[in-house]
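Text of the file upload_30.pdb, holding PDB, C-alpha atoms:
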```
ATOM      1  CA  MET A 791       0.000   0.000   0.000
ATOM      2  CA  ARG A 792       2.750   2.338   0.976
ATOM      3  CA  LEU A 793       4.668   1.428  -2.204
ATOM      4  CA  ALA A 794       1.595   2.132  -4.295
ATOM      5  CA  ILE A 795       1.277   5.618  -2.845
ATOM      6  CA  LEU A 796       4.940   6.359  -3.430
ATOM      7  CA  SER A 797       4.644   5.233  -7.022
ATOM      8  CA  ALA A 798       1.664   7.470  -7.578
ATOM      9  CA  ILE A 799       3.651  10.424  -6.333
ATOM     10  CA  ALA A 800       6.860   9.500  -8.105
ATOM     11  CA  VAL A 801       5.473   9.188 -11.603
ATOM     12  CA  PRO A 802       4.384  12.797 -12.090
ATOM     13  CA  VAL A 803       7.666  14.014 -10.605
ATOM     14  CA  ALA A 804       9.643  11.922 -13.040
ATOM     15  CA  VAL A 805       7.577  13.132 -15.977
ATOM     16  CA  PHE A 806       7.986  16.710 -14.887
ATOM     17  CA  GLY A 807      11.732  16.165 -14.525
ATOM     18  CA  VAL A 808      12.074  15.031 -18.106
ATOM     19  CA  ALA A 809       9.809  17.774 -19.360
ATOM     20  CA  ALA A 810      11.817  20.376 -17.520
ATOM     21  CA  SER A 811      15.002  19.238 -19.195
ATOM     22  CA  TYR A 812      13.759  19.442 -22.721
ATOM     23  CA  SER A 813      10.974  21.981 -22.866
ATOM     24  CA  ALA A 814      12.829  25.199 -22.179
ATOM     25  CA  ALA A 815      14.313  25.379 -25.656
ATOM     26  CA  SER A 816      15.007  23.114 -28.558
ATOM     27  CA  GLY A 817      18.418  21.578 -28.118
ATOM     28  CA  ALA A 818      18.342  21.870 -24.347
ATOM     29  CA  PRO A 819      20.818  19.394 -22.909
ATOM     30  CA  PRO A 820      19.618  16.122 -21.417
ATOM     31  CA  GLN A 821      20.057  15.456 -17.716
ATOM     32  CA  ASN A 822      23.640  14.845 -16.614
ATOM     33  CA  ALA A 823      24.950  16.663 -19.669
ATOM     34  CA  SER A 824      27.925  18.970 -19.378
ATOM     35  CA  PRO A 825      27.373  22.729 -19.175
ATOM     36  CA  ILE A 826      28.267  24.740 -22.290
ATOM     37  CA  TYR A 827      28.452  21.634 -24.524
ATOM     38  CA  GLY A 828      25.635  19.293 -23.481
ATOM     39  CA  VAL A 829      27.946  16.285 -23.661
ATOM     40  CA  THR A 830      26.899  13.112 -21.806
ATOM     41  CA  ILE A 831      28.833   9.980 -20.878
ATOM     42  CA  PRO A 832      28.338   7.683 -23.880
ATOM     43  CA  ASP A 833      26.688   4.294 -23.373
ATOM     44  CA  GLY A 834      29.062   1.356 -23.492
ATOM     45  CA  TYR A 835      32.245   3.429 -23.499
ATOM     46  CA  ARG A 836      34.009   1.107 -21.058
ATOM     47  CA  ASP A 837      34.146  -1.557 -23.788
ATOM     48  CA  TRP A 838      35.692   0.779 -26.359
ATOM     49  CA  LYS A 839      39.164   0.246 -27.735
ATOM     50  CA  PHE A 840      42.260   1.475 -26.023
ATOM     51  CA  VAL A 841      44.196   4.515 -27.228
ATOM     52  CA  ALA A 842      46.905   5.101 -24.592
ATOM     53  CA  PRO A 843      47.735   5.290 -20.877
ATOM     54  CA  ALA A 844      49.084   8.334 -19.053
ATOM     55  CA  GLN A 845      50.097   9.457 -15.620
ATOM     56  CA  GLU A 846      49.255  12.803 -14.064
ATOM     57  CA  ALA A 847      51.713  14.108 -11.501
ATOM     58  CA  PRO A 848      50.758  15.142  -7.948
ATOM     59  CA  PRO A 849      48.691  16.786  -6.595
ATOM     60  CA  LEU A 850      46.234  14.923  -8.819
ATOM     61  CA  ASP A 851      48.543  11.879  -8.863
ATOM     62  CA  GLU A 852      46.446   9.815 -11.232
ATOM     63  CA  LEU A 853      46.706   6.935 -13.650
ATOM     64  CA  ARG A 854      44.683   7.514 -16.777
ATOM     65  CA  ALA A 855      43.637   5.786 -19.959
ATOM     66  CA  VAL A 856      41.904   7.037 -23.070
ATOM     67  CA  LEU A 857      39.433   4.836 -24.944
ATOM     68  CA  GLY A 858      37.876   5.661 -28.305
ATOM     69  CA  ASN A 859      34.815   4.663 -30.285
ATOM     70  CA  ASP A 860      35.331   2.964 -33.649
ATOM     71  CA  ILE A 861      35.297   6.221 -35.622
ATOM     72  CA  ALA A 862      38.023   7.704 -33.429
ATOM     73  CA  ILE A 863      40.135   4.533 -33.404
ATOM     74  CA  ASP A 864      39.928   4.262 -37.176
ATOM     75  CA  ALA A 865      41.080   7.876 -37.476
ATOM     76  CA  TYR A 866      43.985   7.226 -35.128
ATOM     77  CA  LYS A 867      45.109   4.147 -37.049
ATOM     78  CA  LYS A 868      44.933   5.940 -40.393
ATOM     79  CA  GLY A 869      46.401   9.161 -39.070
ATOM     80  CA  THR A 870      43.275  11.061 -40.141
ATOM     81  CA  LEU A 871      43.264  14.676 -38.944
ATOM     82  CA  PRO A 872      41.034  16.386 -38.170
ATOM     83  CA  PHE A 873      39.091  13.599 -36.460
ATOM     84  CA  PRO A 874      35.843  12.997 -38.373
ATOM     85  CA  ASP A 875      32.437  13.895 -36.979
ATOM     86  CA  GLY A 876      31.198  11.131 -34.700
ATOM     87  CA  SER A 877      34.593  10.573 -33.091
ATOM     88  CA  ILE A 878      34.320  10.222 -29.315
ATOM     89  CA  LEU A 879      37.182   9.925 -26.849
ATOM     90  CA  VAL A 880      36.749   9.041 -23.179
ATOM     91  CA  LYS A 881      39.470   9.484 -20.604
ATOM     92  CA  LEU A 882      39.219   7.399 -17.432
ATOM     93  CA  ALA A 883      41.177   8.619 -14.407
ATOM     94  CA  TYR A 884      42.018   6.950 -11.103
ATOM     95  CA  LYS A 885      43.991   7.902  -8.051
ATOM     96  CA  ARG A 886      47.393   6.238  -8.260
ATOM     97  CA  LYS A 887      47.739   3.602  -5.551
ATOM     98  CA  GLN A 888      50.700   1.563  -4.414
ATOM     99  CA  SER A 889      50.279  -2.092  -5.308
ATOM    100  CA  THR A 890      50.354  -4.242  -2.182
ATOM    101  CA  GLU A 891      51.195  -7.303  -4.256
ATOM    102  CA  PHE A 892      54.018  -5.975  -6.406
ATOM    103  CA  PRO A 893      55.842  -3.064  -4.769
ATOM    104  CA  PRO A 894      57.409  -1.544  -7.919
ATOM    105  CA  ALA A 895      53.932  -0.990  -9.390
ATOM    106  CA  THR A 896      51.256   1.596  -8.852
ATOM    107  CA  VAL A 897      47.743   0.683  -9.908
ATOM    108  CA  PRO A 898      44.284   2.279 -10.119
ATOM    109  CA  GLY A 899      42.780   3.394  -6.826
ATOM    110  CA  ALA A 900      39.501   5.261  -6.569
ATOM    111  CA  PRO A 901      38.115   6.511  -9.883
ATOM    112  CA  THR A 902      38.131  10.294 -10.092
ATOM    113  CA  THR A 903      36.896  11.815 -13.341
ATOM    114  CA  VAL A 904      35.539  10.595 -16.657
ATOM    115  CA  GLN A 905      36.286  13.105 -19.423
ATOM    116  CA  VAL A 906      34.650  13.034 -22.826
ATOM    117  CA  MET A 907      35.390  14.744 -26.150
ATOM    118  CA  VAL A 908      32.789  14.522 -28.914
ATOM    119  CA  LYS A 909      33.500  15.658 -32.478
ATOM    120  CA  ASP A 910      30.517  17.308 -34.154
ATOM    121  CA  SER A 911      31.557  20.157 -36.388
ATOM    122  CA  LYS A 912      27.974  21.376 -36.885
ATOM    123  CA  LYS A 913      27.073  21.361 -33.210
ATOM    124  CA  TYR A 914      30.354  22.829 -31.950
ATOM    125  CA  PRO A 915      31.523  25.367 -34.546
ATOM    126  CA  ASP A 916      32.935  27.659 -31.859
ATOM    127  CA  SER A 917      35.189  25.056 -30.256
ATOM    128  CA  HIS A 918      36.939  23.598 -33.289
ATOM    129  CA  GLY A 919      34.189  21.002 -33.644
ATOM    130  CA  TRP A 920      34.696  19.496 -30.210
ATOM    131  CA  GLY A 921      32.298  19.279 -27.294
ATOM    132  CA  PHE A 922      33.707  18.595 -23.860
ATOM    133  CA  GLY A 923      32.352  16.945 -20.727
ATOM    134  CA  ARG A 924      33.971  16.249 -17.383
ATOM    135  CA  PHE A 925      32.138  14.018 -14.924
ATOM    136  CA  ILE A 926      32.556  12.925 -11.330
ATOM    137  CA  ASP A 927      30.404  10.009 -10.151
ATOM    138  CA  GLY A 928      28.467  10.332 -13.387
ATOM    139  CA  LYS A 929      27.566  14.002 -12.806
ATOM    140  CA  PRO A 930      29.025  16.855 -14.831
ATOM    141  CA  VAL A 931      31.280  19.271 -12.987
ATOM    142  CA  ASP A 932      30.485  22.962 -12.949
ATOM    143  CA  ILE A 933      30.622  25.516 -15.731
ATOM    144  CA  ALA A 934      33.853  27.093 -14.462
ATOM    145  CA  GLN A 935      35.723  23.814 -14.882
ATOM    146  CA  HIS A 936      34.254  23.340 -18.346
ATOM    147  CA  GLU A 937      35.407  26.781 -19.363
ATOM    148  CA  THR A 938      39.003  25.618 -18.941
ATOM    149  CA  CYS A 939      38.775  22.756 -21.487
ATOM    150  CA  LEU A 940      38.764  24.730 -24.703
ATOM    151  CA  ALA A 941      41.446  27.233 -23.774
ATOM    152  CA  CYS A 942      43.938  24.562 -22.768
ATOM    153  CA  HIS A 943      43.320  22.288 -25.770
ATOM    154  CA  THR A 944      43.420  25.259 -28.139
ATOM    155  CA  GLU A 945      46.642  26.604 -26.732
ATOM    156  CA  ARG A 946      48.531  23.324 -26.517
ATOM    157  CA  VAL A 947      47.474  20.856 -29.212
ATOM    158  CA  LYS A 948      46.050  22.741 -32.171
ATOM    159  CA  ASP A 949      48.383  20.779 -34.472
ATOM    160  CA  HIS A 950      46.747  17.509 -33.431
ATOM    161  CA  ASP A 951      43.139  18.622 -33.878
ATOM    162  CA  TYR A 952      43.047  19.793 -30.249
ATOM    163  CA  VAL A 953      43.532  16.251 -28.916
ATOM    164  CA  PHE A 954      46.400  15.552 -26.501
ATOM    165  CA  THR A 955      46.459  11.776 -26.567
ATOM    166  CA  ARG A 956      48.324   9.882 -29.296
ATOM    167  CA  TYR A 957      47.678   6.268 -30.151
ATOM    168  CA  ALA A 958      50.131   4.008 -28.326
ATOM    169  CA  PRO A 959      51.592   1.248 -30.531
TER     170      PRO A 959
ATOM    171  CA  MET B 869      64.886 -10.516 -63.561
ATOM    172  CA  ARG B 870      66.717 -10.102 -60.313
ATOM    173  CA  LEU B 871      63.434 -10.205 -58.360
ATOM    174  CA  ALA B 872      62.476 -13.426 -60.108
ATOM    175  CA  ILE B 873      65.713 -15.099 -59.057
ATOM    176  CA  LEU B 874      65.297 -13.976 -55.466
ATOM    177  CA  SER B 875      61.794 -15.379 -55.392
ATOM    178  CA  ALA B 876      62.963 -18.723 -56.706
ATOM    179  CA  ILE B 877      65.508 -18.933 -53.921
ATOM    180  CA  ALA B 878      63.222 -17.618 -51.204
ATOM    181  CA  VAL B 879      60.358 -20.053 -51.649
ATOM    182  CA  PRO B 880      62.170 -23.293 -50.732
ATOM    183  CA  VAL B 881      63.792 -21.559 -47.754
ATOM    184  CA  ALA B 882      60.437 -20.438 -46.471
ATOM    185  CA  VAL B 883      58.958 -23.910 -46.857
ATOM    186  CA  PHE B 884      61.888 -25.445 -45.013
ATOM    187  CA  GLY B 885      61.545 -22.896 -42.247
ATOM    188  CA  VAL B 886      57.942 -23.838 -41.587
ATOM    189  CA  ALA B 887      58.686 -27.543 -41.760
ATOM    190  CA  ALA B 888      61.530 -27.205 -39.285
ATOM    191  CA  SER B 889      59.271 -25.528 -36.744
ATOM    192  CA  TYR B 890      56.592 -28.190 -36.719
ATOM    193  CA  SER B 891      58.171 -31.475 -37.736
ATOM    194  CA  ALA B 892      60.461 -32.196 -34.788
ATOM    195  CA  ALA B 893      57.630 -33.327 -32.536
ATOM    196  CA  SER B 894      53.909 -32.967 -32.227
ATOM    197  CA  GLY B 895      53.135 -29.861 -30.205
ATOM    198  CA  ALA B 896      56.400 -28.154 -31.090
ATOM    199  CA  PRO B 897      55.952 -24.414 -30.612
ATOM    200  CA  PRO B 898      55.416 -22.173 -33.630
ATOM    201  CA  GLN B 899      58.017 -19.601 -34.552
ATOM    202  CA  ASN B 900      58.199 -16.628 -32.202
ATOM    203  CA  ALA B 901      56.615 -18.652 -29.404
ATOM    204  CA  SER B 902      57.813 -18.242 -25.851
ATOM    205  CA  PRO B 903      60.176 -20.844 -24.386
ATOM    206  CA  ILE B 904      58.685 -23.246 -21.822
ATOM    207  CA  TYR B 905      55.077 -22.330 -22.740
ATOM    208  CA  GLY B 906      54.917 -21.920 -26.509
ATOM    209  CA  VAL B 907      52.789 -18.771 -26.160
ATOM    210  CA  THR B 908      52.616 -16.385 -29.129
ATOM    211  CA  ILE B 909      51.373 -12.807 -29.430
ATOM    212  CA  PRO B 910      47.671 -13.190 -30.281
ATOM    213  CA  ASP B 911      46.356 -11.716 -33.524
ATOM    214  CA  GLY B 912      44.304  -8.576 -33.105
ATOM    215  CA  TYR B 913      45.113  -8.103 -29.420
ATOM    216  CA  ARG B 914      45.565  -4.344 -29.828
ATOM    217  CA  ASP B 915      41.821  -3.999 -30.419
ATOM    218  CA  TRP B 916      40.862  -5.955 -27.298
ATOM    219  CA  LYS B 917      39.047  -4.370 -24.403
ATOM    220  CA  PHE B 918      40.786  -2.474 -21.656
ATOM    221  CA  VAL B 919      41.314  -3.932 -18.194
ATOM    222  CA  ALA B 920      43.471  -1.378 -16.341
ATOM    223  CA  PRO B 921      46.513   0.913 -16.495
ATOM    224  CA  ALA B 922      49.582   0.702 -14.257
ATOM    225  CA  GLN B 923      52.899   2.361 -13.702
ATOM    226  CA  GLU B 924      56.164   0.567 -13.018
ATOM    227  CA  ALA B 925      58.722   2.481 -10.969
ATOM    228  CA  PRO B 926      62.302   3.138 -12.094
ATOM    229  CA  PRO B 927      64.576   1.615 -13.245
ATOM    230  CA  LEU B 928      61.991   0.246 -15.689
ATOM    231  CA  ASP B 929      59.960   3.463 -15.390
ATOM    232  CA  GLU B 930      57.098   2.348 -17.580
ATOM    233  CA  LEU B 931      53.456   3.058 -18.274
ATOM    234  CA  ARG B 932      51.465  -0.086 -18.836
ATOM    235  CA  ALA B 933      48.014  -1.237 -19.798
ATOM    236  CA  VAL B 934      46.389  -4.650 -19.781
ATOM    237  CA  LEU B 935      43.895  -5.651 -22.474
ATOM    238  CA  GLY B 936      41.816  -8.826 -22.474
ATOM    239  CA  ASN B 937      39.990 -10.979 -24.986
ATOM    240  CA  ASP B 938      36.227 -11.352 -24.620
ATOM    241  CA  ILE B 939      36.474 -14.478 -22.441
ATOM    242  CA  ALA B 940      38.788 -12.723 -20.008
ATOM    243  CA  ILE B 941      36.759  -9.492 -19.940
ATOM    244  CA  ASP B 942      33.550 -11.426 -19.311
ATOM    245  CA  ALA B 943      35.235 -13.220 -16.404
ATOM    246  CA  TYR B 944      36.429  -9.916 -14.959
ATOM    247  CA  LYS B 945      32.987  -8.347 -15.185
ATOM    248  CA  LYS B 946      31.301 -11.331 -13.557
ATOM    249  CA  GLY B 947      34.038 -11.844 -10.988
ATOM    250  CA  THR B 948      34.606 -15.382 -12.281
ATOM    251  CA  LEU B 949      37.637 -17.052 -10.703
ATOM    252  CA  PRO B 950      39.526 -19.003 -11.821
ATOM    253  CA  PHE B 951      39.549 -17.440 -15.278
ATOM    254  CA  PRO B 952      38.022 -19.898 -17.783
ATOM    255  CA  ASP B 953      40.075 -21.677 -20.417
ATOM    256  CA  GLY B 954      40.499 -19.446 -23.436
ATOM    257  CA  SER B 955      41.089 -16.304 -21.381
ATOM    258  CA  ILE B 956      43.998 -14.267 -22.727
ATOM    259  CA  LEU B 957      45.509 -11.150 -21.171
ATOM    260  CA  VAL B 958      48.040  -8.915 -22.902
ATOM    261  CA  LYS B 959      50.075  -6.296 -21.092
ATOM    262  CA  LEU B 960      51.508  -3.457 -23.173
ATOM    263  CA  ALA B 961      54.439  -1.545 -21.701
ATOM    264  CA  TYR B 962      56.080   1.734 -22.708
ATOM    265  CA  LYS B 963      58.893   3.847 -21.383
ATOM    266  CA  ARG B 964      57.389   6.710 -19.420
ATOM    267  CA  LYS B 965      58.019   9.994 -21.202
ATOM    268  CA  GLN B 966      57.450  13.573 -20.144
ATOM    269  CA  SER B 967      54.698  15.181 -22.182
ATOM    270  CA  THR B 968      56.015  18.215 -24.016
ATOM    271  CA  GLU B 969      52.481  19.557 -24.415
ATOM    272  CA  PHE B 970      51.168  19.191 -20.885
ATOM    273  CA  PRO B 971      53.953  19.249 -18.284
ATOM    274  CA  PRO B 972      52.078  17.523 -15.423
ATOM    275  CA  ALA B 973      51.586  14.424 -17.596
ATOM    276  CA  THR B 974      53.793  11.534 -18.556
ATOM    277  CA  VAL B 975      52.828   9.572 -21.631
ATOM    278  CA  PRO B 976      53.971   6.485 -23.562
ATOM    279  CA  GLY B 977      57.450   6.645 -25.014
ATOM    280  CA  ALA B 978      59.112   3.739 -26.779
ATOM    281  CA  PRO B 979      57.286   0.425 -26.435
ATOM    282  CA  THR B 980      59.260  -2.083 -24.381
ATOM    283  CA  THR B 981      57.620  -5.451 -23.784
ATOM    284  CA  VAL B 982      54.387  -7.181 -24.693
ATOM    285  CA  GLN B 983      53.469  -9.777 -22.088
ATOM    286  CA  VAL B 984      50.850 -12.464 -22.609
ATOM    287  CA  MET B 985      49.017 -14.869 -20.283
ATOM    288  CA  VAL B 986      46.945 -17.657 -21.833
ATOM    289  CA  LYS B 987      44.617 -19.846 -19.759
ATOM    290  CA  ASP B 988      44.525 -23.466 -20.899
ATOM    291  CA  SER B 989      44.206 -25.858 -18.015
ATOM    292  CA  LYS B 990      44.901 -28.921 -20.142
ATOM    293  CA  LYS B 991      47.994 -27.500 -21.821
ATOM    294  CA  TYR B 992      49.480 -25.892 -18.704
ATOM    295  CA  PRO B 993      48.676 -28.219 -15.772
ATOM    296  CA  ASP B 994      51.997 -27.478 -14.086
ATOM    297  CA  SER B 995      51.576 -23.674 -14.025
ATOM    298  CA  HIS B 996      48.066 -23.351 -12.616
ATOM    299  CA  GLY B 997      46.626 -23.462 -16.125
ATOM    300  CA  TRP B 998      48.510 -20.400 -17.348
ATOM    301  CA  GLY B 999      51.046 -20.102 -20.141
ATOM    302  CA  PHE B1000      53.283 -17.050 -20.203
ATOM    303  CA  GLY B1001      55.046 -15.147 -22.959
ATOM    304  CA  ARG B1002      57.187 -12.022 -22.826
ATOM    305  CA  PHE B1003      58.126 -10.374 -26.107
ATOM    306  CA  ILE B1004      60.389  -7.561 -27.250
ATOM    307  CA  ASP B1005      59.952  -6.333 -30.822
ATOM    308  CA  GLY B1006      57.709  -9.320 -31.427
ATOM    309  CA  LYS B1007      60.365 -11.864 -30.383
ATOM    310  CA  PRO B1008      60.191 -13.908 -27.182
ATOM    311  CA  VAL B1009      62.799 -13.194 -24.539
ATOM    312  CA  ASP B1010      65.027 -15.981 -23.256
ATOM    313  CA  ILE B1011      64.189 -18.981 -21.124
ATOM    314  CA  ALA B1012      65.746 -17.481 -17.982
ATOM    315  CA  GLN B1013      63.322 -14.555 -18.072
ATOM    316  CA  HIS B1014      60.400 -16.900 -18.669
ATOM    317  CA  GLU B1015      61.409 -18.971 -15.652
ATOM    318  CA  THR B1016      60.660 -15.956 -13.449
ATOM    319  CA  CYS B1017      56.989 -15.596 -14.491
ATOM    320  CA  LEU B1018      55.482 -18.542 -12.676
ATOM    321  CA  ALA B1019      57.366 -18.121  -9.401
ATOM    322  CA  CYS B1020      56.363 -14.479  -9.036
ATOM    323  CA  HIS B1021      52.712 -14.957  -9.977
ATOM    324  CA  THR B1022      52.464 -18.039  -7.743
ATOM    325  CA  GLU B1023      54.003 -16.314  -4.762
ATOM    326  CA  ARG B1024      52.088 -13.047  -5.010
ATOM    327  CA  VAL B1025      48.611 -13.482  -6.478
ATOM    328  CA  LYS B1026      47.436 -17.028  -5.906
ATOM    329  CA  ASP B1027      44.179 -15.692  -4.448
ATOM    330  CA  HIS B1028      43.362 -13.973  -7.767
ATOM    331  CA  ASP B1029      44.049 -16.977  -9.997
ATOM    332  CA  TYR B1030      47.677 -15.863 -10.373
ATOM    333  CA  VAL B1031      46.687 -12.643 -12.170
ATOM    334  CA  PHE B1032      47.928  -9.317 -10.811
ATOM    335  CA  THR B1033      45.719  -6.911 -12.718
ATOM    336  CA  ARG B1034      42.221  -6.079 -11.500
ATOM    337  CA  TYR B1035      39.520  -4.596 -13.720
ATOM    338  CA  ALA B1036      39.431  -0.819 -13.352
ATOM    339  CA  PRO B1037      35.898   0.616 -13.079
TER     340      PRO B1037
END
```
Would you put the structure from the file into structure tokens?
Amino acid sequence: MRLAILSAIAVPVAVFGVAASYSAASGAPPQNASPIYGVTIPDGYRDWKFVAPAQEAPPLDELRAVLGNDIAIDAYKKGTLPFPDGSILVKLAYKRKQSTEFPPATVPGAPTTVQVMVKDSKKYPDSHGWGFGRFIDGKPVDIAQHETCLACHTERVKDHDYVFTRYAP
Amino acid sequence: MRLAILSAIAVPVAVFGVAASYSAASGAPPQNASPIYGVTIPDGYRDWKFVAPAQEAPPLDELRAVLGNDIAIDAYKKGTLPFPDGSILVKLAYKRKQSTEFPPATVPGAPTTVQVMVKDSKKYPDSHGWGFGRFIDGKPVDIAQHETCLACHTERVKDHDYVFTRYAP
């Protein structure tokens, strides 16, 4: 009985929630989309192919890996630049943790951020065709953090279509 | 004319080479197979799914990543231990290199070793069902290096079916 009442309350709330996300304007971002870009964490990304590992020095002190969807991986393998529309890159990051089983190694500790780059030259004409999203626990971080993406990528890797990571052999 | 002569010489040599690898005894390892175990670098491994990154401290000073075939990845996701026959894990290793584009990061430099674990409980009854292979430039390293694999994995990770790497979320 109690469950039935809760369901009756929950349904209109859920419907309103969806409506609120989409009704304000056409092209309004879905829930859990990044500010500025409206990028979401893509379904199934954890099974995508591997581009390269990296380490980030302290204070972040992270181990990282970039995965790519098939369009991005194909572009990497062929050396295609700029990356074609539909390319998506996802960077996984983890706190670096001392291995207890093999002392010379550090291994992934707690996951920190998931960072996404989506190539869509029509949707993102003002950011070299790229949309950015940075997520913690599946939720996008704030607008101030997202404002840093474009400036850094533009300043540092314009000769590689604004993408830092190279394909590791 | 010169090419034609070279071809005529090359063909019998190639045929002999193959025959020499397989004719000595049934089960003789193929060319470029590891000593002790007869493990080779699996075709297409670079497109396999990602398990986890790691860093190895100096003097090796490497960034690493483990990829797995579908049988291994399925076992990881389900928490299946021991890993089922047919599981294959491949560890890629690279010298750790300072990024010139983003100073806090280190990224893959020259590739160093490719290391392979193959689960086949019938073929490898004396090594907990695992065969090992360590390769540099596609060639297996010597028998002395391969003798170290089993002892280390047996001593340190017997509670995880002799596999160090855990699946990163």
- request: May I have the residues of chain A within 8 Å of chain B, counting all atoms listed in the file, written as a ChimeraX atom specification?
  value: /A:836-840,842-848,853-855,891-892,894-898,901,946-947,954,958-959
statement: What separates atom CA of Gln821 of chain A and atom CA of Gly876 of chain A is a distance of 20.8 Å
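You will find atom CA of Gln905 of chain A at 7.5 Å from atom CA of Phe922 of chain A.
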field: Result set, the PyMOL selection byres ((chain A and resi 909-917) around 10) on current file, as a list in words
entry: Tyr827, Ala862, Pro872, Phe873, Pro874, Asp875, Gly876, Ser877, Ile878, Leu879, Met907, Val908, His918, Gly919, Trp920, Gly921, Phe922, Cys939, Leu940, Ala941, His943, Thr944 and Tyr952 of chain A
Hey, can I get the axis-aligned box for segment 842-854 of chain A? All listed atoms, 6 Å padding on each side, centre and edge lengths in Å to one decimal, as AutoDock Vina command-line options.
```
--center_x 48.2 --center_y 10.9 --center_z -15.6 --size_x 19.0 --size_y 23.7 --size_z 30.0
```
task: Would you kindly translate the PyMOL selection byres ((chain B and resi 903) around 10) into the concrete residues it picks from this file, as JSON, numbers by chain?
output: {"B": [897, 900, 901, 902, 904, 905, 906, 907, 908, 1000, 1001, 1002, 1008, 1009, 1010, 1011, 1012, 1013, 1014, 1015]}
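Atom CA of Val904 of chain A is found 26.2 Å from atom CA of Val1031 of chain B.
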task: Show me as a PyMOL selection string the residues that reach within 9 Å of (38.4, -14.8, -9.7), counting only C-alpha atoms and using the file's own coordinates.
output: chain B and resi 943-944+946-951+1027-1029+1031
Missing atoms of segment 906-918 of chain A rebuilt to N, CA and C atoms, written as an mmCIF file, keeping the file's coordinate frame:
```cif
data_model
loop_
_atom_site.group_PDB
_atom_site.id
_atom_site.type_symbol
_atom_site.label_atom_id
_atom_site.label_comp_id
_atom_site.auth_asym_id
_atom_site.auth_seq_id
_atom_site.Cartn_x
_atom_site.Cartn_y
_atom_site.Cartn_z
ATOM 1 N N VAL A 906 35.156 13.420 -21.506
ATOM 2 C CA VAL A 906 34.650 13.034 -22.826
ATOM 3 C C VAL A 906 34.881 14.166 -23.825
ATOM 4 N N MET A 907 35.320 13.800 -25.027
ATOM 5 C CA MET A 907 35.390 14.744 -26.150
ATOM 6 C C MET A 907 34.565 14.164 -27.302
ATOM 7 N N VAL A 908 33.666 14.946 -27.822
ATOM 8 C CA VAL A 908 32.789 14.522 -28.914
ATOM 9 C C VAL A 908 33.023 15.430 -30.110
ATOM 10 N N LYS A 909 33.298 14.838 -31.283
ATOM 11 C CA LYS A 909 33.500 15.658 -32.478
ATOM 12 C C LYS A 909 32.186 15.788 -33.247
ATOM 13 N N ASP A 910 31.731 17.015 -33.390
ATOM 14 C CA ASP A 910 30.517 17.308 -34.154
ATOM 15 C C ASP A 910 30.678 18.733 -34.670
ATOM 16 N N SER A 911 31.156 18.834 -35.889
ATOM 17 C CA SER A 911 31.557 20.157 -36.388
ATOM 18 C C SER A 911 30.359 21.093 -36.576
ATOM 19 N N LYS A 912 29.166 20.525 -36.766
ATOM 20 C CA LYS A 912 27.974 21.376 -36.885
ATOM 21 C C LYS A 912 27.515 21.882 -35.525
ATOM 22 N N LYS A 913 27.581 21.011 -34.542
ATOM 23 C CA LYS A 913 27.073 21.361 -33.210
ATOM 24 C C LYS A 913 28.047 22.260 -32.446
ATOM 25 N N TYR A 914 29.335 22.107 -32.733
ATOM 26 C CA TYR A 914 30.354 22.829 -31.950
ATOM 27 C C TYR A 914 31.269 23.680 -32.833
ATOM 28 N N PRO A 915 30.683 24.584 -33.630
ATOM 29 C CA PRO A 915 31.523 25.367 -34.546
ATOM 30 C C PRO A 915 32.460 26.321 -33.804
ATOM 31 N N ASP A 916 32.127 26.671 -32.584
ATOM 32 C CA ASP A 916 32.935 27.659 -31.859
ATOM 33 C C ASP A 916 34.027 27.037 -30.996
ATOM 34 N N SER A 917 34.144 25.719 -31.054
ATOM 35 C CA SER A 917 35.189 25.056 -30.256
ATOM 36 C C SER A 917 35.904 24.012 -31.112
ATOM 37 N N HIS A 918 36.198 24.432 -32.354
ATOM 38 C CA HIS A 918 36.939 23.598 -33.289
ATOM 39 C C HIS A 918 36.237 22.262 -33.552
#
```
